[in-house]
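Undergrad: Just dropping this structure here.
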Amino acid sequence: MFNKSKPFDNGPSSGPSSGLGIPPAPEPTPAAPSVAPAAPRAPEPSRPAAASRSTSLSTLSAGVKYEGNISGAGELQVDGSLKGDIRVVRVTIGEGGSVEGTVHADVLDVRGRVSGAIVAKQVKLFATARIEGDITQEQLSIEQGAWFQGRCTQAKRDTPGANMLDAPTPAEKPAAAKADKVEAKPAA
């Protein structure tokens with residue numbers, strides 16, 4: 001961007017640079033159209049391809065232990081170890097990732113470990129997945145080699161606007177059913 005002035009460059013004899021050692025700007029050539037600004041920028045090499053599809057992706061890094069609950073409207077990639085509940089739209093648990101707690105999501109892809117209940121619309125257990133807990137889902141896919149210990153319940157949404165993120169966990173269901181029965185009694 002900047003050029004150092006040369007010690008032997010001193011004066012108007014060196015050209016229109018006025019003795020500062022800066023060469024004149026090249027004139028643009030009309031034959032070569034400038035297409036570079038119109039081309040879309042490629043993703044950075046250090047960024048994974050999955051991260052480039054969404055700007056709301058959060059990542060829990062490998063080798064780090066996290067404690068606490070996570071909730072939001074975005075996407076979560078778990079490569080580290082999380083002790084707590086997750087309630088987001090999309091969760092991907094990497095091969096080295098583990099979650100000890102309840103996972104609520106619309107879409108859940110598991111390549112690592114989950115110890116706790118899962119409530120999701122779509123659940124995919126890859127060959128490296130290890131699940132200890134009950135799964136409540138609309139769609140379930142289990143690859144050969146995945147390990148699953150628990151109960152699996154297929155749940156359909158009752159109303160078109162219902163959200164699986166608001167569904168009760170398997171432990172909360174009996175209490176919710178009792179509350180519905182109490183409210184349904186006619187007043188005397």
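Just so we're on the same page: first chain in the structure tokens is A, next is B, and so on; residues restart at 1 for each chain, and ligands are numbered from 1 in the order they show up.
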Which residues come within 6 Å of Gln137 of chain A, counting only C-alpha atoms, excluding same-chain residues fewer than 3 positions away, as a compact mmCIF listing (two decimals) with all heavy atoms, in the first residue's frame?
TA:
```txt
# COMPACT_ATOMS: atom_id res chain seq x y z
N VAL A 119 -36.37 -34.63 23.06
CA VAL A 119 -37.67 -34.29 22.49
C VAL A 119 -37.40 -33.48 21.24
O VAL A 119 -36.85 -32.39 21.31
CB VAL A 119 -38.53 -33.46 23.49
CG1 VAL A 119 -39.87 -33.12 22.86
CG2 VAL A 119 -38.73 -34.21 24.79
N ALA A 120 -37.77 -34.04 20.07
CA ALA A 120 -37.47 -33.36 18.81
C ALA A 120 -38.43 -33.81 17.71
O ALA A 120 -39.03 -34.88 17.80
CB ALA A 120 -36.03 -33.63 18.39
N LYS A 121 -38.55 -32.99 16.67
CA LYS A 121 -39.34 -33.38 15.51
C LYS A 121 -38.60 -34.46 14.73
O LYS A 121 -39.16 -35.49 14.41
CB LYS A 121 -39.59 -32.18 14.59
CG LYS A 121 -40.53 -31.16 15.13
CD LYS A 121 -40.70 -30.04 14.11
CE LYS A 121 -41.51 -28.91 14.67
NZ LYS A 121 -41.61 -27.80 13.73
N GLN A 154 -43.17 -42.14 19.39
CA GLN A 154 -43.47 -41.27 18.25
C GLN A 154 -44.60 -40.35 18.65
O GLN A 154 -45.65 -40.80 19.09
CB GLN A 154 -43.85 -42.08 17.02
CG GLN A 154 -44.06 -41.20 15.81
CD GLN A 154 -44.31 -41.99 14.55
OE1 GLN A 154 -44.58 -43.18 14.59
NE2 GLN A 154 -44.22 -41.33 13.42
N ALA A 155 -44.39 -39.06 18.50
CA ALA A 155 -45.40 -38.07 18.88
C ALA A 155 -45.76 -37.22 17.68
O ALA A 155 -44.89 -36.76 16.96
CB ALA A 155 -44.85 -37.18 20.00
```
Undergrad: Run DSSP on the backbone of this structure and report the residues of segment 78-165 of chain A it assigns to strand (DSSP E or B), as a ChimeraX atom specification.
TA: /A:78,81-83,86-87,90-93,98-100,103-110,113-115,118-125,130-132,135-142,147-149,152-154
Undergrad: Restrict the selected residues to C-alpha atoms and save them as a PDB file, in the first residue's frame.
TA:
```pdb
ATOM      1  CA  VAL A  78     -21.694 -29.380  20.434  1.00  0.00           C
ATOM      2  CA  SER A  81     -18.892 -31.601  26.941  1.00  0.00           C
ATOM      3  CA  LEU A  82     -22.118 -29.959  28.206  1.00  0.00           C
ATOM      4  CA  LYS A  83     -23.779 -30.641  31.535  1.00  0.00           C
ATOM      5  CA  ILE A  86     -30.534 -27.571  25.540  1.00  0.00           C
ATOM      6  CA  ARG A  87     -33.587 -25.902  23.994  1.00  0.00           C
ATOM      7  CA  ARG A  90     -31.327 -27.285  15.579  1.00  0.00           C
ATOM      8  CA  VAL A  91     -28.669 -29.250  17.486  1.00  0.00           C
ATOM      9  CA  THR A  92     -25.721 -31.173  16.082  1.00  0.00           C
ATOM     10  CA  ILE A  93     -23.648 -33.207  18.504  1.00  0.00           C
ATOM     11  CA  SER A  98     -21.428 -35.095  24.821  1.00  0.00           C
ATOM     12  CA  VAL A  99     -24.545 -33.764  26.540  1.00  0.00           C
ATOM     13  CA  GLU A 100     -25.730 -34.712  30.006  1.00  0.00           C
ATOM     14  CA  VAL A 103     -32.305 -31.901  24.585  1.00  0.00           C
ATOM     15  CA  HIS A 104     -35.312 -30.110  22.998  1.00  0.00           C
ATOM     16  CA  ALA A 105     -34.967 -29.281  19.292  1.00  0.00           C
ATOM     17  CA  ASP A 106     -36.798 -29.310  15.993  1.00  0.00           C
ATOM     18  CA  VAL A 107     -33.880 -31.149  14.342  1.00  0.00           C
ATOM     19  CA  LEU A 108     -31.271 -33.202  16.222  1.00  0.00           C
ATOM     20  CA  ASP A 109     -28.268 -34.940  14.654  1.00  0.00           C
ATOM     21  CA  VAL A 110     -26.227 -37.061  17.074  1.00  0.00           C
ATOM     22  CA  ARG A 113     -23.166 -38.981  23.353  1.00  0.00           C
ATOM     23  CA  VAL A 114     -26.410 -37.908  24.996  1.00  0.00           C
ATOM     24  CA  SER A 115     -27.347 -38.927  28.522  1.00  0.00           C
ATOM     25  CA  ILE A 118     -34.601 -36.099  23.851  1.00  0.00           C
ATOM     26  CA  VAL A 119     -37.670 -34.289  22.495  1.00  0.00           C
ATOM     27  CA  ALA A 120     -37.471 -33.361  18.808  1.00  0.00           C
ATOM     28  CA  LYS A 121     -39.340 -33.383  15.505  1.00  0.00           C
ATOM     29  CA  GLN A 122     -36.521 -35.122  13.614  1.00  0.00           C
ATOM     30  CA  VAL A 123     -33.836 -37.210  15.290  1.00  0.00           C
ATOM     31  CA  LYS A 124     -30.967 -38.821  13.428  1.00  0.00           C
ATOM     32  CA  LEU A 125     -28.582 -41.134  15.269  1.00  0.00           C
ATOM     33  CA  ARG A 130     -24.467 -43.337  22.029  1.00  0.00           C
ATOM     34  CA  ILE A 131     -27.815 -42.443  23.637  1.00  0.00           C
ATOM     35  CA  GLU A 132     -28.918 -43.197  27.202  1.00  0.00           C
ATOM     36  CA  ILE A 135     -36.612 -40.189  22.827  1.00  0.00           C
ATOM     37  CA  THR A 136     -39.882 -38.472  21.907  1.00  0.00           C
ATOM     38  CA  GLN A 137     -39.935 -37.585  18.212  1.00  0.00           C
ATOM     39  CA  GLU A 138     -41.974 -37.374  15.014  1.00  0.00           C
ATOM     40  CA  GLN A 139     -39.267 -38.907  12.804  1.00  0.00           C
ATOM     41  CA  LEU A 140     -36.395 -41.128  13.921  1.00  0.00           C
ATOM     42  CA  SER A 141     -33.472 -42.428  11.889  1.00  0.00           C
ATOM     43  CA  ILE A 142     -30.889 -44.789  13.396  1.00  0.00           C
ATOM     44  CA  TRP A 147     -26.211 -47.446  20.464  1.00  0.00           C
ATOM     45  CA  PHE A 148     -29.536 -46.495  22.083  1.00  0.00           C
ATOM     46  CA  GLN A 149     -30.708 -47.418  25.591  1.00  0.00           C
ATOM     47  CA  CYS A 152     -38.754 -44.341  21.924  1.00  0.00           C
ATOM     48  CA  THR A 153     -42.143 -42.642  21.509  1.00  0.00           C
ATOM     49  CA  GLN A 154     -43.466 -41.273  18.250  1.00  0.00           C
TER      50      GLN A 154
END
```
Undergrad: Using Å and a single decimal, report how far atom CA of Gly63 of chain A sits from atom CA of Glu143 of chain A.
TA: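 Pair atom CA of Glu143 of chain A / atom CA of Gly63 of chain A returns 26.0 Å.
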Undergrad: Interatomic distance between atom CA of Ala129 of chain A and atom CA of Gly68 of chain A?
TA: 22.4 Å
